[in-house]
file upload-v8.txt (compact mmCIF, C-alpha atoms)
# COMPACT_ATOMS: atom_id res chain seq x y z
CA MET A 181 125.82 81.25 102.11
CA LYS A 182 122.91 80.64 104.46
CA LEU A 183 122.40 81.05 108.19
CA LEU A 184 121.67 77.80 110.00
CA ARG A 185 121.65 78.73 113.68
CA VAL A 186 121.91 81.84 115.87
CA THR A 187 122.38 81.86 119.65
CA VAL A 188 122.13 84.98 121.82
CA GLY A 189 122.28 85.59 125.56
CA GLY A 190 123.22 88.04 128.29
CA PHE A 191 121.11 90.79 126.78
CA ARG A 192 118.29 92.59 128.64
CA ASN A 193 116.17 89.73 130.02
CA ILE A 194 117.51 87.05 127.65
CA ARG A 195 119.40 84.22 129.32
CA ARG A 196 120.29 82.25 126.22
CA THR A 197 118.16 81.32 123.23
CA THR A 198 119.11 79.30 120.17
CA LEU A 199 117.17 79.66 116.94
CA GLN A 200 117.40 77.05 114.19
CA MET A 201 117.08 79.40 111.25
CA GLN A 202 114.40 78.72 108.64
CA ASP A 203 113.09 80.61 105.65
CA PHE A 204 109.96 81.50 107.60
CA MET A 205 109.66 81.29 111.37
CA ALA A 206 108.11 83.03 114.36
CA LEU A 207 108.61 83.95 118.01
CA ILE A 208 105.36 83.98 119.98
CA SER A 209 104.68 84.87 123.60
CA CYS A 210 102.47 86.97 125.80
CA ASN A 211 102.94 90.75 125.84
CA SER A 212 106.14 92.26 127.27
CA TYR A 213 107.94 88.93 127.41
CA GLY A 214 111.08 89.39 125.31
CA LYS A 215 110.35 88.67 121.64
CA SER A 216 111.80 91.99 120.50
CA ASN A 217 114.77 91.54 122.84
CA VAL A 218 115.88 88.41 120.97
CA ILE A 219 115.73 90.19 117.62
CA THR A 220 117.44 93.29 118.99
CA ALA A 221 120.16 91.13 120.57
CA ILE A 222 120.98 89.72 117.12
CA GLU A 223 120.92 93.21 115.59
CA PHE A 224 123.24 94.45 118.35
CA GLY A 225 125.68 91.58 117.79
CA LEU A 226 125.94 92.24 114.07
CA ASP A 227 126.40 95.97 114.72
CA PHE A 228 129.15 95.11 117.21
CA ILE A 229 131.00 93.03 114.61
CA HIS A 230 130.63 95.67 111.89
CA ASN A 231 131.58 98.71 113.99
CA ARG A 232 134.98 100.23 114.74
CA ARG A 233 136.89 99.63 117.98
CA GLU A 234 136.08 103.03 119.46
CA LEU A 235 132.35 102.41 119.01
CA ARG A 236 132.55 98.95 120.55
CA GLN A 237 133.77 100.50 123.80
CA SER A 238 130.57 102.51 124.15
CA MET A 239 128.44 99.56 122.99
CA MET A 240 129.78 97.40 125.83
CA GLY A 241 128.42 99.98 128.25
CA TYR A 242 125.11 100.79 126.56
CA VAL A 243 122.74 100.90 129.54
CA PRO A 244 119.43 100.09 127.74
CA TYR A 245 120.86 96.71 126.68
CA VAL A 246 122.73 95.71 129.84
CA PRO A 247 121.02 92.80 131.68
CA LEU A 248 119.39 94.26 134.80
CA ASN A 249 117.20 91.32 135.77
CA LYS A 250 118.41 89.69 139.02
CA GLU A 251 118.89 86.39 137.19
CA THR A 252 120.76 87.82 134.20
CA ALA A 253 122.67 90.78 135.73
CA LYS A 254 125.95 88.85 135.93
CA LEU A 255 125.72 87.35 132.46
CA ASP A 256 128.13 88.40 129.72
CA TYR A 257 126.82 89.19 126.26
CA TYR A 258 127.09 86.24 123.90
CA ILE A 259 126.24 85.61 120.25
CA SER A 260 127.14 82.86 117.83
CA PHE A 261 126.37 82.20 114.17
CA GLU A 262 126.47 78.94 112.27
CA PHE A 263 126.19 79.15 108.51
CA GLN A 264 126.79 77.29 105.27
CA ASP A 265 129.49 78.55 102.92
CA VAL A 266 131.96 77.42 100.28
CA ILE A 267 135.76 77.45 100.44
CA TYR A 268 137.93 76.14 97.60
CA ASP A 269 134.75 74.93 95.87
CA ARG A 270 133.89 72.73 98.85
CA PRO A 271 130.70 73.24 100.90
CA VAL A 272 131.44 73.85 104.56
CA ILE A 273 129.68 74.79 107.79
CA VAL A 274 131.20 77.72 109.68
CA SER A 275 130.75 78.59 113.36
CA TYR A 276 131.66 81.99 114.80
CA GLU A 277 131.08 82.99 118.43
CA LEU A 278 131.68 86.22 120.29
CA GLY A 279 131.28 87.32 123.88
CA PHE A 280 132.17 90.29 126.05
CA VAL A 281 131.84 91.53 129.62
CA TRP A 282 129.43 94.43 130.02
CA LYS A 283 130.74 97.61 131.63
CA LYS A 284 130.38 97.47 135.42
CA ASP A 285 129.65 100.22 137.94
CA ASP A 286 133.23 99.94 139.25
CA LYS A 287 134.54 100.80 135.73
CA THR A 288 135.64 97.22 135.03
CA GLY A 289 134.36 95.10 132.16
CA CYS A 290 134.22 96.42 128.61
CA ARG A 291 136.41 93.64 127.30
CA ILE A 292 135.96 90.94 124.70
CA THR A 293 136.49 87.54 126.31
CA VAL A 294 135.19 85.04 123.76
CA GLU A 295 135.98 84.77 120.06
CA SER A 296 136.18 81.62 118.05
CA LEU A 297 136.02 80.65 114.37
CA ARG A 298 135.59 77.00 113.37
CA VAL A 299 134.85 75.19 110.11
CA LYS A 300 133.93 71.67 109.04
CA ALA A 301 132.98 69.91 105.82
CA ASP A 302 129.25 70.03 105.09
CA ARG A 303 128.60 66.32 105.29
CA PRO A 304 127.63 63.90 108.09
CA LYS A 305 129.90 62.99 111.01
CA GLN A 306 132.44 65.76 110.47
CA LYS A 307 134.22 67.57 113.32
CA PHE A 308 134.89 71.28 113.52
CA MET A 309 138.45 72.47 112.88
CA GLN A 310 139.59 75.50 114.86
CA LEU A 311 140.70 78.53 112.84
CA ILE A 312 140.70 81.18 115.59
CA ARG A 313 140.60 80.86 119.38
CA ARG A 314 140.87 83.86 121.69
CA GLU A 315 142.81 83.58 124.95
CA GLY A 316 142.70 86.79 127.00
CA ASP A 317 144.76 89.51 125.33
CA SER A 318 146.03 87.17 122.64
CA ALA A 319 144.66 84.64 120.21
CA LEU A 320 145.71 81.56 118.33
CA TYR A 321 144.99 81.24 114.65
CA LYS A 322 145.54 78.82 111.78
CA ALA A 323 147.85 80.58 109.35
CA SER A 324 147.77 78.08 106.49
CA ARG A 325 145.70 75.24 105.11
CA GLU A 326 148.17 72.62 106.31
CA GLY A 327 149.02 74.14 109.68
CA ARG A 328 147.32 74.00 113.07
CA CYS A 329 145.59 76.70 115.11
CA SER A 330 148.81 77.56 116.92
CA SER A 331 150.13 80.85 115.54
CA LYS A 332 149.84 83.64 118.11
CA ILE A 333 148.63 87.21 117.70
CA LYS A 334 148.10 90.05 120.21
CA VAL A 335 144.70 91.76 120.44
CA PHE A 336 143.32 94.65 122.49
CA GLU A 337 140.35 94.17 124.83
CA ASP A 338 138.02 95.97 122.41
CA GLU A 339 139.54 94.52 119.23
CA LEU A 340 138.25 91.51 117.34
CA VAL A 341 140.70 88.96 116.03
CA VAL A 342 138.81 89.03 112.74
CA ASP A 343 139.65 92.74 112.48
CA LYS A 344 143.29 91.80 112.14
CA ILE A 345 142.61 88.98 109.72
CA LEU A 346 140.67 91.26 107.39
CA ASN A 347 143.85 93.27 107.02
CA ARG A 348 145.81 90.15 106.08
CA ASP A 349 144.27 89.07 102.80
CA GLU A 350 146.78 86.26 102.32
CA TRP A 351 144.96 84.17 104.95
CA TYR A 352 143.22 81.35 103.13
CA TYR A 353 139.87 81.55 104.95
CA MET A 354 139.35 85.23 104.17
CA SER A 355 136.19 84.41 102.17
CA LEU A 356 134.55 82.93 105.28
CA LEU A 357 135.11 86.17 107.17
CA GLN A 358 133.75 88.18 104.28
CA SER A 359 130.61 86.06 104.48
CA LEU A 360 130.37 86.67 108.23
CA PHE A 361 130.69 90.43 107.75
CA SER A 362 128.07 90.38 105.01
CA PHE A 363 125.27 89.20 107.31
CA GLN A 364 122.65 91.90 107.82
CA ILE A 365 119.42 92.10 109.78
CA TYR A 366 116.56 94.50 109.23
CA ILE A 367 113.79 94.91 111.80
CA ASP A 368 110.55 96.40 110.55
CA ARG A 369 109.04 98.22 113.51
CA HIS A 370 106.52 100.29 111.52
CA LEU A 371 103.23 99.52 113.25
CA ASP A 372 101.82 102.80 111.89
CA THR A 373 102.84 103.37 108.27
CA SER A 374 100.68 106.40 107.43
CA ALA A 375 103.56 108.89 107.30
CA LEU A 376 105.41 106.74 104.75
CA TYR A 377 102.83 107.27 101.98
CA ARG A 378 102.88 111.08 101.84
CA PRO A 379 104.32 112.81 98.75
CA ASP A 380 107.50 114.19 100.28
CA PRO A 381 110.24 116.17 98.49
CA LEU A 382 112.67 115.66 101.39
CA ILE A 383 115.06 112.74 100.88
CA ARG A 384 117.62 111.54 103.41
CA LYS A 385 121.16 112.02 102.16
CA GLY A 386 122.56 108.76 100.88
CA GLU A 387 119.16 107.05 100.86
CA SER A 388 118.58 104.60 98.03
CA CYS A 389 115.07 104.42 96.66
CA PHE A 390 115.12 100.71 97.57
CA ASP A 391 116.34 101.07 101.16
CA LEU A 392 114.33 98.92 103.53
CA ASP A 393 113.95 101.84 105.91
CA SER A 394 112.83 104.28 103.19
CA THR A 395 110.50 106.98 104.47
CA ASN A 396 109.07 107.66 101.00
CA LEU A 397 107.11 104.65 99.75
CA PRO A 398 105.60 106.32 96.63
CA ARG A 399 109.16 107.04 95.45
CA THR A 400 110.13 103.42 96.12
CA ILE A 401 107.12 102.07 94.22
CA TYR A 402 107.80 104.35 91.25
CA HIS A 403 111.37 103.09 90.87
CA LEU A 404 110.37 99.51 91.58
CA GLN A 405 107.93 99.71 88.67
CA ASN A 406 110.61 101.12 86.35
CA ASP A 407 113.70 99.21 87.48
CA HIS A 408 112.24 95.89 88.65
CA PRO A 409 108.92 95.43 86.82
CA ASP A 410 108.80 91.71 87.67
CA LYS A 411 108.95 92.46 91.38
CA PHE A 412 106.47 95.31 90.98
CA HIS A 413 103.94 92.96 89.38
CA LEU A 414 104.65 90.35 92.06
CA LEU A 415 103.78 92.93 94.71
CA MET A 416 100.62 94.02 92.91
CA ASP A 417 99.44 90.43 92.42
CA ALA A 418 100.04 89.57 96.06
CA TYR A 419 98.20 92.64 97.29
CA HIS A 420 95.30 92.06 94.91
CA GLN A 421 94.86 88.55 96.33
CA LEU A 422 94.18 90.08 99.73
CA PHE A 423 92.21 93.09 98.49
CA PRO A 424 90.48 92.15 95.20
CA GLN A 425 88.38 95.34 95.41
CA PHE A 426 91.49 97.38 94.59
CA SER A 427 91.52 96.98 90.81
CA GLU A 428 94.58 99.13 90.10
CA ILE A 429 97.38 100.88 91.96
CA THR A 430 99.21 103.66 90.15
CA VAL A 431 102.13 105.90 91.01
CA ARG A 432 102.90 109.22 89.30
CA GLU A 433 105.90 111.48 89.29
CA PHE A 434 105.51 115.28 89.56
CA ARG A 435 108.26 117.80 88.89
CA ILE A 436 108.69 120.66 91.33
CA ASN A 437 110.98 123.65 91.50
CA GLY A 438 114.25 122.37 92.92
CA GLU A 439 116.11 125.68 92.92
CA GLU A 440 115.64 126.10 96.66
CA SER A 441 117.67 122.94 97.31
CA LYS A 442 120.80 124.76 96.21
CA SER A 443 120.48 127.15 99.12
CA LEU A 444 119.91 124.51 101.81
CA PRO A 445 122.63 124.35 104.48
CA ALA A 446 125.15 121.64 103.68
CA ASP A 447 124.96 120.11 107.18
CA LEU A 448 121.27 119.18 106.90
CA PRO A 449 120.70 115.37 106.83
CA PHE A 450 118.37 115.61 103.81
CA THR A 451 118.13 117.10 100.34
CA LEU A 452 115.19 118.65 98.50
CA SER A 453 114.23 116.56 95.50
CA GLU A 454 113.03 118.02 92.21
CA THR A 455 110.28 115.39 92.06
CA VAL A 456 107.53 114.06 94.29
CA TYR A 457 105.51 110.89 93.87
CA ARG A 458 101.85 110.14 94.53
CA LEU A 459 100.43 106.66 95.03
CA SER A 460 96.77 106.15 94.11
CA VAL A 461 94.39 103.22 94.26
CA GLN A 462 91.23 102.48 92.27
CA ASP A 463 88.51 100.80 94.33
CA VAL A 464 85.87 99.04 92.21
CA ASN A 465 83.21 100.64 94.43
CA LEU A 466 84.39 104.21 93.80
CA ASN A 467 84.04 106.35 90.68
CA GLN A 468 87.61 107.69 90.83
CA PRO A 469 91.05 106.80 92.27
CA ILE A 470 91.89 107.91 95.80
CA ASP A 471 95.17 108.64 97.51
CA PHE A 472 96.66 105.47 98.98
CA ASN A 473 96.98 107.19 102.33
CA PHE A 474 93.17 107.25 102.62
CA LEU A 475 93.08 103.46 103.01
CA SER A 476 92.70 101.79 106.37
CA ASP A 477 95.70 101.35 108.67
CA GLY A 478 95.62 97.61 108.08
CA ALA A 479 95.58 97.92 104.29
CA LYS A 480 98.56 100.29 104.42
CA ARG A 481 100.48 98.11 106.86
CA ILE A 482 99.97 94.98 104.74
CA PHE A 483 101.17 96.76 101.60
CA HIS A 484 104.25 98.03 103.40
CA VAL A 485 105.11 94.59 104.80
CA LEU A 486 104.72 92.88 101.41
CA LEU A 487 106.90 95.57 99.85
CA THR A 488 109.54 95.13 102.56
CA VAL A 489 109.67 91.38 101.95
CA ILE A 490 110.19 91.95 98.22
CA LEU A 491 112.83 94.65 98.82
CA SER A 492 114.80 92.25 101.04
CA ASP A 493 115.86 90.52 97.81
CA ILE A 494 116.97 93.79 96.19
CA GLN A 495 118.82 95.04 99.27
CA PRO A 496 120.01 91.63 100.49
CA VAL A 497 119.56 90.90 104.16
CA SER A 498 120.09 87.64 106.02
CA ILE A 499 117.31 88.15 108.55
CA LEU A 500 114.14 90.18 108.07
CA ALA A 501 112.21 90.58 111.31
CA LEU A 502 108.57 91.69 111.15
CA GLU A 503 107.17 92.90 114.45
CA GLU A 504 103.55 92.07 115.27
CA PRO A 505 102.26 91.27 111.76
CA GLU A 506 98.76 90.93 113.21
CA ASN A 507 98.64 94.62 114.12
CA SER A 508 95.61 96.31 112.46
CA ILE A 509 94.87 93.14 110.44
CA HIS A 510 91.41 91.58 110.43
CA PRO A 511 91.60 87.92 111.57
CA ALA A 512 89.82 86.79 108.39
CA LEU A 513 92.75 88.10 106.31
CA PHE A 514 95.49 86.87 108.60
CA GLY A 515 95.92 83.35 107.25
CA SER A 516 96.16 84.43 103.59
CA TYR A 517 98.48 87.28 104.59
CA ILE A 518 100.89 84.94 106.41
CA GLN A 519 100.85 82.52 103.49
CA LEU A 520 101.70 85.29 101.02
CA ILE A 521 104.65 86.46 103.12
CA SER A 522 106.02 82.91 103.19
CA GLN A 523 105.69 82.66 99.40
CA LEU A 524 107.45 85.98 98.75
CA VAL A 525 110.54 85.31 100.86
CA ALA A 526 113.74 85.21 98.77
CA ASP A 527 116.42 82.55 98.88
CA ASP A 528 118.97 82.96 101.68
CA VAL A 529 116.65 85.30 103.61
CA CYS A 530 115.13 84.25 106.91
CA ILE A 531 111.92 85.99 107.93
CA ILE A 532 111.17 86.04 111.65
CA LEU A 533 107.74 87.13 112.83
CA THR A 534 107.32 88.29 116.41
CA SER A 535 103.77 88.00 117.64
CA HIS A 536 101.47 87.71 120.63
CA SER A 537 98.61 86.44 118.50
CA PRO A 538 97.27 82.89 118.97
CA TYR A 539 96.12 82.98 115.33
CA LEU A 540 99.70 82.61 114.10
CA LEU A 541 99.87 79.06 115.42
CA GLN A 542 97.06 78.11 113.06
CA TYR A 543 98.94 79.08 109.90
CA MET A 544 102.56 78.00 110.41
CA PRO A 545 104.23 74.60 110.92
CA LEU A 546 104.87 73.88 114.60
CA GLN A 547 108.59 73.34 114.01
CA SER A 548 108.92 76.90 112.69
CA ILE A 549 107.45 78.50 115.84
CA TYR A 550 109.41 79.32 118.99
CA ILE A 551 107.25 79.65 122.11
CA GLY A 552 108.09 81.96 124.99
CA LEU A 553 108.72 79.70 127.97
CA PRO A 554 106.84 81.03 131.02
CA ARG A 555 109.18 81.95 133.88
CA THR A 556 108.53 83.38 137.32
CA ASP A 557 111.84 85.31 137.31
CA ALA A 558 110.92 87.53 134.29
CA THR A 559 113.73 86.15 132.14
CA ALA A 560 113.01 85.02 128.58
CA SER A 561 113.75 81.87 126.62
CA PHE A 562 112.16 80.57 123.43
CA VAL A 563 111.81 76.90 122.53
CA ARG A 564 110.01 74.80 119.95
CA VAL A 565 107.57 71.95 120.32
CA ALA A 566 109.57 68.71 120.24
CA GLU A 567 108.87 66.68 117.11
CA THR A 568 108.27 63.62 119.29
CA GLU A 569 105.49 65.49 121.14
CA THR A 570 103.64 66.86 118.12
CA VAL A 571 101.07 64.06 117.90
CA ARG A 572 100.37 64.19 121.64
CA LEU A 573 99.92 67.97 121.49
CA GLN A 574 97.50 67.70 118.56
CA THR A 575 95.53 65.01 120.41
CA ASP A 576 95.31 67.13 123.55
CA VAL A 577 94.19 70.15 121.52
CA ALA A 578 91.47 68.10 119.83
CA THR A 579 90.04 67.03 123.21
CA SER A 580 90.29 70.52 124.73
CA GLU A 581 87.59 72.09 122.53
CA MET A 582 90.08 74.88 121.74
CA ASN A 583 92.19 75.53 118.68
CA LEU A 584 95.97 75.18 118.85
CA GLY A 585 96.68 78.86 119.47
CA GLU A 586 94.10 79.16 122.24
CA TYR A 587 95.43 75.99 123.87
CA ILE A 588 99.08 77.11 123.91
CA PHE A 589 98.27 80.63 125.11
CA ASP A 590 95.96 79.25 127.79
CA LEU A 591 98.89 77.25 129.18
CA MET A 592 101.28 80.22 128.88
CA ASN A 593 98.86 82.43 130.82
CA GLY A 594 98.08 79.77 133.41
CA ASP A 595 99.59 78.86 136.78
CA GLU A 596 102.81 76.97 137.51
CA GLU A 597 101.10 73.65 136.93
CA ASP A 598 100.05 74.82 133.45
CA HIS A 599 103.57 76.04 132.77
CA GLY A 600 105.00 72.69 133.77
CA PHE A 601 102.54 70.90 131.50
CA LEU A 602 103.47 73.19 128.60
CA GLU A 603 107.13 72.28 129.11
CA THR A 604 106.35 68.61 128.53
CA TYR A 605 105.68 69.45 124.87
CA LEU A 606 108.82 71.52 124.34
CA GLU A 607 112.48 70.94 123.45
CA MET A 608 113.57 71.68 126.99
CA ASP A 609 117.19 70.74 126.33
CA ARG A 610 117.46 73.89 124.15
CA HIS A 611 116.29 76.56 126.56
CA GLY A 612 118.74 78.99 128.18

call {"tool": "encode", "arguments": {"input": "upload-v8.txt", "output": "structure tokens"}}
result
Amino acid sequence: MKLLRVTVGGFRNIRRTTLQMQDFMALISCNSYGKSNVITAIEFGLDFIHNRRELRQSMMGYVPYVPLNKETAKLDYYISFEFQDVIYDRPVIVSYELGFVWKKDDKTGCRITVESLRVKADRPKQKFMQLIRREGDSALYKASREGRCSSKIKVFEDELVVDKILNRDEWYYMSLLQSLFSFQIYIDRHLDTSALYRPDPLIRKGESCFDLDSTNLPRTIYHLQNDHPDKFHLLMDAYHQLFPQFSEITVREFRINGEESKSLPADLPFTLSETVYRLSVQDVNLNQPIDFNFLSDGAKRIFHVLLTVILSDIQPVSILALEEPENSIHPALFGSYIQLISQLVADDVCIILTSHSPYLLQYMPLQSIYIGLPRTDATASFVRVAETETVRLQTDVATSEMNLGEYIFDLMNGDEEDHGFLETYLEMDRHG
């Protein structure tokens, strides 16, 4: 099971953007363009699928996500996923799309209008076969392997057809829906990680020590070392490649009096642990270990990102989004850092970097980078350099006396003529 393509639109300032999913890819643009909006639109779509009907009603009216731009205000929310899977031991490609009307000021909207599930054999020149097709307050579905998509079922405006199918386990394509519902995205927005390294006895209720959003990294490292020593050593080796002066990183467990936890109110969202953990680092230039939290912001951020990438294989996610990986990182380290992230990514996980750094273009293949297309109407679309234009782009960069990143960002920040010239390099048939 692997994601191949995701399309989102009708969200904040996003018209429509299609991403061909890769193990390691990036969205780049100038500041305040819409990189985070694309990632959040995917997160929102998966939350919408996973949530209950009553929560979907409020989600369809969530003001911070409603398109308010003049050019997108009338757009409905849309998301689609295309992924590889297996059914009856045969590899297939599955397509699922979903759309709804945002809540309007006149109290209309808040209704799902698009839902479709299709499948085809994973080999050349195959056509999609319809399994589900929504039509207003009803839907057609394929009830058996031999039948057609013609059986009818009633659905409410805030109800997904797949909700009903999940309660009918005799349907033969149930495994495809289970795959769809298993897709997860995690967005790492920790630009400042200092608070995560403190020895803290407070643990969120229900929090696993390997949760990607753990607020207690020493605890995570301690259990990683004990439960997954291979991944612990992988993390240490990767970090040592970037910071060879750190000869050893150690984590220790300390017992504390946990009696007070018994008297904590039951409605508190955390518990008081009987142990705390302290992460230390030995610098070859110092005569004793120091607390990890004394390191620079960049050193702490890098460690946290590398750990998050490794944890994405323990707590499986389909998409791991890393916001602004260049934040607090010295440019001299950036290339090696990006290369290490690409090497650590697990199978069936797609890592998406969002960045406004021209350096990123120097260290990633062009076909893995989506460029924010400049627009005068403040809407956002991301497109790749067309393969047929790669040689011409490289030739133009060579004659410009700039590197690739400087050249692309110079065009993005230029006038309309520059924007038009940038478009000549891009896959313009894919923009929203």

call {"tool": "closest_residue", "arguments": {"input": "upload-v8.txt", "among": "A:Pro554, A:Gly327, A:Glu581, A:Leu466", "to": "Gly600 (chain A)", "atoms": "all atoms listed in the file"}}
result
A:Pro554

call {"tool": "residues_around", "arguments": {"input": "upload-v8.txt", "residues": "Asp368 (chain A)", "least_positions_apart": "3", "cutoff": "9 Å", "atoms": "all atoms listed in the file", "output": "list in words"}}
result
Leu371, Leu392, Asp393, Val485, Thr488, Leu500, Ala501, Leu502 and Glu503 of chain A

call {"tool": "write_last_selection", "arguments": {"input": "upload-v8.txt", "atoms": "C-alpha atoms", "output": "short mmCIF file (atom, residue, chain, number, x, y, z; two decimals), in the coordinates of the input"}}
result
data_model
loop_
_atom_site.label_atom_id
_atom_site.label_comp_id
_atom_site.auth_asym_id
_atom_site.auth_seq_id
_atom_site.Cartn_x
_atom_site.Cartn_y
_atom_site.Cartn_z
CA LEU A 371 103.23 99.52 113.25
CA LEU A 392 114.33 98.92 103.53
CA ASP A 393 113.95 101.84 105.91
CA VAL A 485 105.11 94.59 104.80
CA THR A 488 109.54 95.13 102.56
CA LEU A 500 114.14 90.18 108.07
CA ALA A 501 112.21 90.58 111.31
CA LEU A 502 108.57 91.69 111.15
CA GLU A 503 107.17 92.90 114.45
#

call {"tool": "closest_residue", "arguments": {"input": "upload-v8.txt", "among": "A:Tyr242, A:Phe589, A:Phe562, A:Phe308", "to": "Ile273 (chain A)", "atoms": "all atoms listed in the file"}}
result
A:Phe308

call {"tool": "residues_around", "arguments": {"input": "upload-v8.txt", "residues": "Leu520 (chain A)", "least_positions_apart": "4", "cutoff": "12 Å", "atoms": "only C-alpha atoms", "output": "list in words"}}
result
Phe204, Leu414, Leu415, Met416, Asp417, Ala418, Tyr419, His420, Gln421, Leu422, Ile482, Phe483, Val485, Leu486, Leu487, Val489, Ile490, Leu513, Phe514, Gly515, Ser516, Leu524, Val525, Tyr543 and Met544 of chain A

call {"tool": "residues_around", "arguments": {"input": "upload-v8.txt", "residues": "Arg325 (chain A)", "least_positions_apart": "3", "cutoff": "9 Å", "atoms": "all atoms listed in the file", "output": "PyMOL selection string"}}
result
chain A and resi 322+328+351-353

call {"tool": "atom_distance", "arguments": {"input": "upload-v8.txt", "atom1": "CA of Val266 (chain A)", "atom2": "CA of Lys307 (chain A)"}}
result
16.5 Å

call {"tool": "closest_residue", "arguments": {"input": "upload-v8.txt", "among": "A:Val461, A:Ile383, A:Leu278, A:Leu606", "to": "Val342 (chain A)", "atoms": "only C-alpha atoms"}}
result
A:Leu278

call {"tool": "atom_distance", "arguments": {"input": "upload-v8.txt", "atom1": "CA of Met608 (chain A)", "atom2": "CA of Gln264 (chain A)"}}
result
26.0 Å

call {"tool": "closest_residue", "arguments": {"input": "upload-v8.txt", "among": "A:Val299, A:Ala526, A:Cys210, A:Ile267", "to": "Ile588 (chain A)", "atoms": "only C-alpha atoms"}}
result
A:Cys210

call {"tool": "atom_distance", "arguments": {"input": "upload-v8.txt", "atom1": "CA of Pro424 (chain A)", "atom2": "CA of Ile470 (chain A)"}}
result
15.8 Å

call {"tool": "residues_near_point", "arguments": {"input": "upload-v8.txt", "point": "(130.1, 87.6, 107.4)", "cutoff": "10 Å", "atoms": "only C-alpha atoms", "output": "number ranges by chain"}}
result
A: 181, 226, 229-230, 261, 263, 276, 355-364

call {"tool": "residues_around", "arguments": {"input": "upload-v8.txt", "residues": "Val294 (chain A)", "least_positions_apart": "2", "cutoff": "10 Å", "atoms": "only C-alpha atoms", "output": "list in words"}}
result
Asp256, Tyr257, Tyr258, Ile259, Glu277, Leu278, Gly279, Phe280, Val281, Arg291, Ile292, Ser296, Arg313, Arg314, Glu315, Gly316 and Leu340 of chain A

call {"tool": "closest_residue", "arguments": {"input": "upload-v8.txt", "among": "A:His408, A:Lys334, A:Lys287, A:His484", "to": "Thr395 (chain A)", "atoms": "only C-alpha atoms"}}
result
A:His484

call {"tool": "decode", "arguments": {"input": "upload-v8.txt", "residues": "region 273-312 of chain A", "atoms": "C-alpha atoms", "output": "mmCIF file, in the first residue's frame"}}
result
data_model
loop_
_atom_site.group_PDB
_atom_site.id
_atom_site.type_symbol
_atom_site.label_atom_id
_atom_site.label_comp_id
_atom_site.auth_asym_id
_atom_site.auth_seq_id
_atom_site.Cartn_x
_atom_site.Cartn_y
_atom_site.Cartn_z
ATOM 1 C CA ILE A 273 -4.440 1.080 -8.246
ATOM 2 C CA VAL A 274 -7.246 2.680 -6.243
ATOM 3 C CA SER A 275 -8.690 6.175 -6.646
ATOM 4 C CA TYR A 276 -10.882 7.829 -4.005
ATOM 5 C CA GLU A 277 -12.216 11.378 -4.268
ATOM 6 C CA LEU A 278 -14.276 13.484 -1.900
ATOM 7 C CA GLY A 279 -15.776 16.950 -2.070
ATOM 8 C CA PHE A 280 -18.180 19.096 -0.077
ATOM 9 C CA VAL A 281 -19.752 22.547 -0.101
ATOM 10 C CA TRP A 282 -18.485 24.836 2.642
ATOM 11 C CA LYS A 283 -21.048 26.365 4.987
ATOM 12 C CA LYS A 284 -22.393 29.643 3.591
ATOM 13 C CA ASP A 285 -23.491 32.822 5.366
ATOM 14 C CA ASP A 286 -27.118 32.062 4.422
ATOM 15 C CA LYS A 287 -26.885 28.732 6.338
ATOM 16 C CA THR A 288 -26.723 26.658 3.147
ATOM 17 C CA GLY A 289 -23.864 24.351 2.218
ATOM 18 C CA CYS A 290 -22.455 21.828 4.674
ATOM 19 C CA ARG A 291 -23.158 18.925 2.360
ATOM 20 C CA ILE A 292 -21.004 16.283 0.738
ATOM 21 C CA THR A 293 -21.426 16.450 -3.033
ATOM 22 C CA VAL A 294 -18.601 14.313 -4.426
ATOM 23 C CA GLU A 295 -17.590 10.788 -3.471
ATOM 24 C CA SER A 296 -16.156 8.187 -5.760
ATOM 25 C CA LEU A 297 -14.169 4.968 -5.410
ATOM 26 C CA ARG A 298 -12.542 3.373 -8.461
ATOM 27 C CA VAL A 299 -10.043 0.566 -9.007
ATOM 28 C CA LYS A 300 -7.983 -0.804 -11.887
ATOM 29 C CA ALA A 301 -5.339 -3.473 -12.374
ATOM 30 C CA ASP A 302 -1.802 -2.200 -11.772
ATOM 31 C CA ARG A 303 -0.503 -2.703 -15.277
ATOM 32 C CA PRO A 304 -0.366 -0.543 -18.428
ATOM 33 C CA LYS A 305 -3.431 0.518 -20.426
ATOM 34 C CA GLN A 306 -6.013 -0.450 -17.810
ATOM 35 C CA LYS A 307 -9.228 1.509 -17.206
ATOM 36 C CA PHE A 308 -10.726 2.329 -13.830
ATOM 37 C CA MET A 309 -13.788 0.359 -12.736
ATOM 38 C CA GLN A 310 -16.336 2.247 -10.646
ATOM 39 C CA LEU A 311 -17.075 0.823 -7.186
ATOM 40 C CA ILE A 312 -18.891 3.807 -5.642
#
